[in-house]
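Source file: upload_37.csv (CSV, C-alpha atoms)
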chain,number,residue,atom,x,y,z
A,1,MET,CA,153.8,-76.5,79.4
A,2,LYS,CA,155.3,-79.9,80.6
A,3,LYS,CA,151.8,-81.1,81.4
A,4,ILE,CA,150.6,-80.2,78.0
A,5,SER,CA,153.5,-81.9,76.3
A,6,LEU,CA,153.0,-85.0,78.4
A,7,ALA,CA,149.3,-85.1,77.5
A,8,LEU,CA,150.1,-84.7,73.8
A,9,CYS,CA,152.6,-87.6,74.0
A,10,ILE,CA,150.0,-89.8,75.7
A,11,LEU,CA,147.5,-88.9,73.0
A,12,LEU,CA,149.9,-89.7,70.2
A,13,LEU,CA,150.7,-93.0,71.9
A,14,PHE,CA,147.1,-94.0,72.0
A,15,VAL,CA,146.6,-93.0,68.4
A,16,LEU,CA,149.6,-95.1,67.4
A,17,ILE,CA,148.4,-98.1,69.3
A,18,PHE,CA,144.9,-97.8,67.8
A,19,THR,CA,146.4,-97.5,64.3
A,20,LEU,CA,148.5,-100.6,64.7
A,21,SER,CA,145.7,-102.6,66.2
A,22,ALA,CA,143.3,-101.5,63.4
A,23,CYS,CA,145.8,-103.0,60.9
A,24,LYS,CA,145.4,-106.5,62.4
A,25,LYS,CA,142.5,-108.9,63.0
A,26,ASP,CA,143.1,-111.3,65.9
A,27,GLY,CA,146.8,-110.9,65.5
A,28,TYR,CA,146.8,-111.4,61.7
A,29,ASP,CA,147.5,-108.6,59.2
A,30,TRP,CA,144.3,-107.1,57.9
A,31,HIS,CA,145.7,-105.8,54.6
A,32,ILE,CA,148.6,-107.4,52.8
A,33,THR,CA,150.3,-107.4,49.4
A,34,TYR,CA,151.1,-110.9,48.2
A,35,ASN,CA,152.6,-111.5,44.8
A,36,SER,CA,151.8,-108.0,43.7
A,37,MET,CA,148.1,-108.2,44.6
A,38,CYS,CA,146.3,-106.6,47.5
A,39,PHE,CA,144.3,-108.8,49.8
A,40,GLU,CA,142.0,-108.2,52.8
A,41,LEU,CA,141.5,-110.8,55.6
A,42,ILE,CA,137.9,-111.6,56.6
A,43,PRO,CA,137.0,-113.5,59.7
A,44,GLN,CA,134.2,-116.0,59.4
A,45,LYS,CA,132.3,-117.9,62.2
A,46,THR,CA,132.3,-121.7,61.9
A,47,GLU,CA,131.1,-124.6,64.0
A,48,ASN,CA,134.5,-124.8,65.5
A,49,GLY,CA,134.8,-121.1,66.3
A,50,LYS,CA,136.3,-118.7,63.8
A,51,ASP,CA,138.1,-119.2,60.5
A,52,TYR,CA,139.5,-116.7,58.0
A,53,TYR,CA,139.7,-116.1,54.2
A,54,TYR,CA,141.1,-113.5,51.9
A,55,ILE,CA,139.5,-111.2,49.3
A,56,ALA,CA,141.6,-110.4,46.3
A,57,GLY,CA,141.7,-106.8,45.3
A,58,ASP,CA,143.7,-104.6,43.0
A,59,LEU,CA,146.9,-105.8,41.2
A,60,GLU,CA,149.8,-103.4,42.0
A,61,ASP,CA,152.0,-104.6,39.1
A,62,LYS,CA,150.5,-102.7,36.2
A,63,THR,CA,152.9,-104.3,33.6
A,64,VAL,CA,152.0,-108.0,34.1
A,65,LYS,CA,150.0,-109.5,31.2
A,66,ASN,CA,149.0,-112.9,32.7
A,67,TYR,CA,148.3,-113.4,36.4
A,68,PHE,CA,147.2,-116.3,38.6
A,69,ILE,CA,145.3,-115.2,41.7
A,70,PRO,CA,146.7,-117.6,44.4
A,71,MET,CA,144.5,-120.2,45.9
A,72,LEU,CA,146.1,-119.7,49.4
A,73,VAL,CA,147.7,-116.7,51.1
A,74,ASN,CA,149.5,-117.3,54.3
A,75,GLY,CA,147.6,-120.6,54.7
A,76,PHE,CA,144.2,-119.0,54.3
A,77,PRO,CA,142.0,-119.6,51.2
A,78,VAL,CA,141.2,-116.8,48.7
A,79,ARG,CA,137.4,-117.1,48.5
A,80,ALA,CA,136.3,-113.8,47.0
A,81,PHE,CA,137.4,-110.8,45.0
A,82,GLY,CA,136.5,-107.1,44.7
A,83,TRP,CA,135.1,-104.8,47.3
A,84,GLY,CA,136.3,-105.6,50.8
A,85,GLY,CA,134.7,-102.9,52.9
A,86,PHE,CA,135.0,-99.3,53.9
A,87,ALA,CA,138.4,-97.7,53.2
A,88,SER,CA,139.7,-101.1,52.1
A,89,ARG,CA,142.8,-101.5,50.0
A,90,SER,CA,141.0,-104.3,48.2
A,91,HIS,CA,139.6,-101.8,45.8
A,92,THR,CA,136.2,-102.2,44.2
A,93,LYS,CA,137.8,-102.2,40.7
A,94,LEU,CA,140.8,-103.9,39.1
A,95,GLU,CA,142.7,-100.9,37.7
A,96,HIS,CA,144.9,-102.3,35.0
A,97,PHE,CA,146.1,-101.3,31.5
A,98,SER,CA,148.0,-104.3,30.1
A,99,LEU,CA,146.4,-107.4,31.8
A,100,GLN,CA,145.3,-109.9,29.1
A,101,LYS,CA,144.6,-113.1,31.0
A,102,LEU,CA,143.4,-113.5,34.6
A,103,TYR,CA,143.2,-116.9,36.3
A,104,MET,CA,141.0,-117.4,39.3
A,105,PRO,CA,141.3,-120.4,41.6
A,106,GLY,CA,138.6,-122.9,42.4
A,107,THR,CA,138.3,-121.6,46.0
A,108,ILE,CA,136.4,-118.5,44.8
A,109,VAL,CA,132.8,-118.6,46.1
A,110,GLU,CA,131.6,-115.0,45.7
A,111,HIS,CA,132.4,-111.4,44.7
A,112,TYR,CA,132.3,-108.4,46.9
A,113,SER,CA,132.1,-105.8,44.1
A,114,GLN,CA,129.4,-103.2,44.5
A,115,SER,CA,130.1,-102.1,41.0
A,116,GLN,CA,131.9,-103.7,38.0
A,117,TYR,CA,135.2,-105.2,39.2
A,118,PHE,CA,136.7,-104.9,35.7
A,119,SER,CA,135.4,-101.3,35.0
A,120,ASP,CA,138.9,-99.7,34.9
A,121,LEU,CA,140.5,-101.8,32.3
A,122,ASN,CA,142.3,-100.3,29.3
A,123,CYS,CA,142.3,-103.5,27.3
A,124,ASN,CA,140.2,-106.6,26.5
A,125,LEU,CA,140.5,-109.3,29.1
A,126,GLN,CA,140.2,-113.1,29.3
A,127,VAL,CA,139.1,-114.5,32.7
A,128,TYR,CA,139.5,-118.1,33.5
A,129,TYR,CA,137.1,-118.9,36.3
A,130,CYS,CA,136.4,-122.3,38.0
A,131,GLY,CA,134.9,-121.4,41.4
A,132,GLU,CA,131.3,-121.4,42.6
A,133,VAL,CA,128.6,-120.4,40.1
A,134,ILE,CA,128.0,-116.6,40.3
A,135,ASP,CA,126.8,-114.0,37.8
A,136,LEU,CA,130.2,-113.1,36.3
A,137,TYR,CA,128.5,-110.4,34.1
A,138,LYS,CA,128.4,-108.1,37.2
A,139,MET,CA,132.2,-107.7,36.9
A,140,CYS,CA,132.1,-106.6,33.2
A,141,PRO,CA,133.2,-103.1,32.2
A,142,ILE,CA,130.6,-100.4,31.9
A,143,ASP,CA,132.0,-99.4,28.5
A,144,LEU,CA,131.4,-102.6,26.7
A,145,GLU,CA,131.8,-101.1,23.3
A,146,SER,CA,135.5,-100.4,24.0
A,147,TYR,CA,136.6,-103.2,26.3
A,148,VAL,CA,135.2,-106.7,26.5
A,149,VAL,CA,135.7,-109.4,29.1
A,150,ASN,CA,135.4,-113.0,28.0
A,151,TYR,CA,135.0,-115.7,30.6
A,152,TYR,CA,136.1,-119.3,30.3
A,153,VAL,CA,134.5,-121.8,32.8
A,154,PRO,CA,134.6,-125.6,33.2
A,155,VAL,CA,132.6,-127.4,30.5
A,156,ASN,CA,130.5,-129.3,33.1
A,157,LYS,CA,129.4,-126.0,34.7
A,158,LEU,CA,128.8,-123.9,31.5
A,159,SER,CA,125.0,-124.4,31.6
A,160,SER,CA,124.8,-123.3,35.2
A,161,PHE,CA,126.8,-120.2,34.5
A,162,GLN,CA,124.6,-119.4,31.4
A,163,LYS,CA,121.5,-119.4,33.5
A,164,VAL,CA,122.7,-116.7,35.9
A,165,PHE,CA,124.9,-114.7,33.4
A,166,ASN,CA,123.2,-111.3,33.1
A,167,ASN,CA,119.9,-113.2,33.9
A,168,GLY,CA,120.3,-115.0,30.5
A,169,ILE,CA,120.2,-111.8,28.5
A,170,ALA,CA,122.6,-111.6,25.5
A,171,THR,CA,125.7,-109.4,26.0
A,172,THR,CA,128.9,-108.5,24.3
A,173,CYS,CA,130.8,-110.1,27.2
A,174,GLY,CA,131.4,-113.8,26.3
A,175,LEU,CA,130.9,-117.0,28.3
A,176,TYR,CA,132.8,-120.0,26.9
A,177,LYS,CA,134.0,-123.5,27.7
A,178,ALA,CA,137.6,-123.9,28.9
A,179,ASN,CA,139.4,-126.7,27.2
A,180,ILE,CA,142.2,-127.1,29.8
A,181,SER,CA,141.5,-128.0,33.4
A,182,TYR,CA,143.7,-128.6,36.4
A,183,ARG,CA,142.0,-131.0,39.0
A,184,LEU,CA,143.3,-131.1,42.6
A,185,ASN,CA,142.4,-134.8,42.8
A,186,SER,CA,141.6,-134.8,46.5
A,187,GLU,CA,138.4,-135.2,48.4
A,188,ASP,CA,139.4,-132.6,51.0
A,189,MET,CA,140.0,-129.8,48.4
A,190,CYS,CA,137.9,-128.1,45.8
A,191,GLU,CA,137.6,-130.0,42.5
A,192,TYR,CA,139.3,-127.4,40.2
A,193,TYR,CA,142.6,-125.6,40.7
A,194,TYR,CA,142.5,-123.5,37.6
A,195,VAL,CA,141.2,-123.7,34.0
A,196,ASP,CA,142.6,-122.4,30.8
A,197,ASN,CA,141.9,-122.3,27.1
A,198,ILE,CA,144.3,-122.7,24.2
A,199,GLU,CA,144.0,-123.1,20.4
A,200,SER,CA,144.2,-126.6,18.9
A,201,GLY,CA,147.8,-127.5,18.1
A,202,SER,CA,149.3,-125.1,20.7
A,203,LYS,CA,151.3,-125.9,23.8
A,204,ILE,CA,150.2,-124.7,27.3
A,205,GLN,CA,152.0,-121.4,27.8
A,206,ASN,CA,150.8,-120.3,31.2
A,207,ILE,CA,151.5,-123.0,33.8
A,208,PRO,CA,149.9,-122.4,37.2
A,209,PRO,CA,152.0,-122.3,40.4
A,210,GLU,CA,152.4,-125.6,42.2
A,211,PRO,CA,149.4,-126.3,44.5
A,212,THR,CA,149.9,-127.1,48.2
A,213,ARG,CA,148.1,-129.5,50.5
A,214,ALA,CA,148.6,-129.9,54.3
A,215,GLY,CA,150.5,-133.1,55.1
A,216,TYR,CA,151.3,-133.9,51.4
A,217,THR,CA,153.9,-133.2,48.8
A,218,PHE,CA,152.9,-132.2,45.3
A,219,GLY,CA,154.2,-134.7,42.7
A,220,GLY,CA,153.3,-133.0,39.4
A,221,TRP,CA,150.5,-133.1,36.9
A,222,TYR,CA,149.2,-136.3,35.4
A,223,THR,CA,146.8,-137.2,32.6
A,224,GLU,CA,144.5,-139.5,34.7
A,225,LYS,CA,143.3,-139.7,38.2
A,226,GLU,CA,145.5,-142.7,39.0
A,227,CYS,CA,148.6,-140.6,38.3
A,228,THR,CA,150.6,-143.0,36.2
A,229,ILE,CA,151.4,-140.9,33.2
A,230,LYS,CA,153.1,-137.6,34.0
A,231,TRP,CA,152.4,-134.7,31.7
A,232,ASP,CA,155.3,-133.0,29.9
A,233,PHE,CA,154.4,-129.4,29.2
A,234,ASP,CA,156.7,-129.5,26.2
A,235,ASN,CA,154.0,-131.7,24.5
A,236,VAL,CA,151.0,-130.4,22.7
A,237,PRO,CA,147.7,-131.5,24.3
A,238,THR,CA,144.7,-132.7,22.3
A,239,VAL,CA,142.0,-130.1,22.6
A,240,SER,CA,139.2,-128.6,20.5
A,241,ASN,CA,137.0,-125.5,20.7
A,242,ASN,CA,134.3,-126.6,18.3
A,243,ASP,CA,130.9,-126.9,19.9
A,244,ASP,CA,130.0,-130.0,18.0
A,245,SER,CA,133.4,-131.7,18.7
A,246,PHE,CA,134.6,-130.1,21.9
A,247,VAL,CA,137.6,-131.8,23.6
A,248,GLU,CA,138.8,-131.0,27.1
A,249,PHE,CA,142.3,-131.8,28.3
A,250,ALA,CA,142.3,-132.5,32.1
A,251,LEU,CA,145.3,-132.8,34.3
A,252,TYR,CA,145.3,-134.3,37.8
A,253,ALA,CA,147.5,-133.4,40.8
A,254,LYS,CA,149.6,-136.2,42.3
A,255,TRP,CA,149.9,-136.2,46.1
A,256,THR,CA,152.4,-138.1,48.3
A,257,LYS,CA,151.8,-138.2,52.0
A,258,LYS,CA,154.7,-136.8,54.0
What would the structure in this file look like if it were written as structure tokens?
Amino acid sequence: MKKISLALCILLLFVLIFTLSACKKDGYDWHITYNSMCFELIPQKTENGKDYYYIAGDLEDKTVKNYFIPMLVNGFPVRAFGWGGFASRSHTKLEHFSLQKLYMPGTIVEHYSQSQYFSDLNCNLQVYYCGEVIDLYKMCPIDLESYVVNYYVPVNKLSSFQKVFNNGIATTCGLYKANISYRLNSEDMCEYYYVDNIESGSKIQNIPPEPTRAGYTFGGWYTEKECTIKWDFDNVPTVSNNDDSFVEFALYAKWTKK
């Protein structure tokens, strides 16, 4: 009996060790929840060895109406969203019932969804996307008659998105120019931080979290690259949504070396 009990204890110990090791990749947490969103860590081979990035998955807070997917999580970039693999917490679908506006960072380069990422919505959704050009239509809900996803992208990338959006076939999901852009203003970072779209005569309501850059301190948002005129978010920016007189309002990050 004692030998059986000892064998069971050893077996349970091995199971526990295996379970704990399966939750980590090279010492890093494989699955985490950060700012109410599930993320999965993915290793990637590089010329210098191995690097990592995160996939954004489901949003656990089902009451939030506006959400910024972070650009960095634990120092690693968020480069994809959707399906993260077998038995992943980064669910294929974003299951949400009150989300109205979703902001995706400029670090996004691909989606992992093997089916529509936005299929389980219970509302219409506006997505502000400024990453690499991908077919955003693949994330639209299956039931397009009830729930519609409208995408807003940088004005200088609109034509590129149009070429790949549902292979150029007309759809009830919309693809539009964003009239607010946040530029990271640094050669060692992606061009865009986030984009947004507001009505003419309105203030910017959803301000993104402050960006971070290794070795630098963020000094605020400015109206030009030289960063001499700091933007006051209590002011009303000059924008227009008209195709024949479209006006974009760009803000640039100021960086001070530590």
*Can you tell me how far CA of Glu224 (chain A) sits from CA of Asn150 (chain A), in Å to one decimal?*
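Interatomic distance, CA of Glu224 (chain A) to CA of Asn150 (chain A): 28.8 Å.
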*Find the residue from A:Gly131, A:Phe97, A:Asp58, A:Tyr112 that sits nearest to Ile42 (chain A); use all atoms listed in the file when measuring.*
A:Tyr112
*Determine, counting all atoms listed in the file, which protein, DNA and RNA residues have an atom within 10 Å of an atom of region 178-190 of chain A; residues of the same chain fewer than 4 positions away are not included. Present the result as a ChimeraX atom specification.*
/A:105-108,128-132,151-156,158,194-200,204,207-208,211-213,221-227,237-241,246-255
*CA of Lys203 (chain A) to CA of Val236 (chain A): how many Å, to one decimal?*
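Result for CA of Lys203 (chain A) versus CA of Val236 (chain A): 4.6 Å, one decimal.
Atom to atom, CA of Tyr117 (chain A) and CA of Lys163 (chain A) stand 20.5 Å apart.
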Give me, as a PDB file with C-alpha atoms, in the frame of the given file, all polymer residues having an atom no more than 10 Å from Leu59 (chain A), counting all atoms listed in the file and skipping those fewer than 2 positions away in the same chain.
ATOM      1  CA  THR A  33     150.300-107.400  49.400  1.00  0.00           C
ATOM      2  CA  TYR A  34     151.100-110.900  48.200  1.00  0.00           C
ATOM      3  CA  ASN A  35     152.600-111.500  44.800  1.00  0.00           C
ATOM      4  CA  SER A  36     151.800-108.000  43.700  1.00  0.00           C
ATOM      5  CA  MET A  37     148.100-108.200  44.600  1.00  0.00           C
ATOM      6  CA  CYS A  38     146.300-106.600  47.500  1.00  0.00           C
ATOM      7  CA  PHE A  39     144.300-108.800  49.800  1.00  0.00           C
ATOM      8  CA  ALA A  56     141.600-110.400  46.300  1.00  0.00           C
ATOM      9  CA  GLY A  57     141.700-106.800  45.300  1.00  0.00           C
ATOM     10  CA  ASP A  61     152.000-104.600  39.100  1.00  0.00           C
ATOM     11  CA  LYS A  62     150.500-102.700  36.200  1.00  0.00           C
ATOM     12  CA  THR A  63     152.900-104.300  33.600  1.00  0.00           C
ATOM     13  CA  VAL A  64     152.000-108.000  34.100  1.00  0.00           C
ATOM     14  CA  TYR A  67     148.300-113.400  36.400  1.00  0.00           C
ATOM     15  CA  ILE A  69     145.300-115.200  41.700  1.00  0.00           C
ATOM     16  CA  SER A  90     141.000-104.300  48.200  1.00  0.00           C
ATOM     17  CA  HIS A  91     139.600-101.800  45.800  1.00  0.00           C
ATOM     18  CA  LYS A  93     137.800-102.200  40.700  1.00  0.00           C
ATOM     19  CA  LEU A  94     140.800-103.900  39.100  1.00  0.00           C
ATOM     20  CA  GLU A  95     142.700-100.900  37.700  1.00  0.00           C
ATOM     21  CA  HIS A  96     144.900-102.300  35.000  1.00  0.00           C
ATOM     22  CA  LEU A  99     146.400-107.400  31.800  1.00  0.00           C
TER      23      LEU A  99
END
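Near Val133 (chain A), within 8 Å and counting only C-alpha atoms, sit Val109, Lys157, Ser160 and Phe161 of chain A, not including residues fewer than 5 positions from it in the same chain.
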*Selection: 12 Å around Gly174 (chain A), only C-alpha atoms, excl. self and same-chain fewer than 4 positions, as a list of chain:residue names*: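 Once the nearby chain positions are removed, what remains is A:Asn124, A:Leu125, A:Gln126, A:Val127, A:Tyr128, A:Leu136, A:Tyr137, A:Cys140, A:Leu144, A:Tyr147, A:Val148, A:Val149, A:Asn150, A:Tyr151, A:Tyr152, A:Val153, A:Leu158, A:Phe161, A:Gln162, A:Phe165, A:Asn166, A:Gly168, A:Ile169, A:Ala170.
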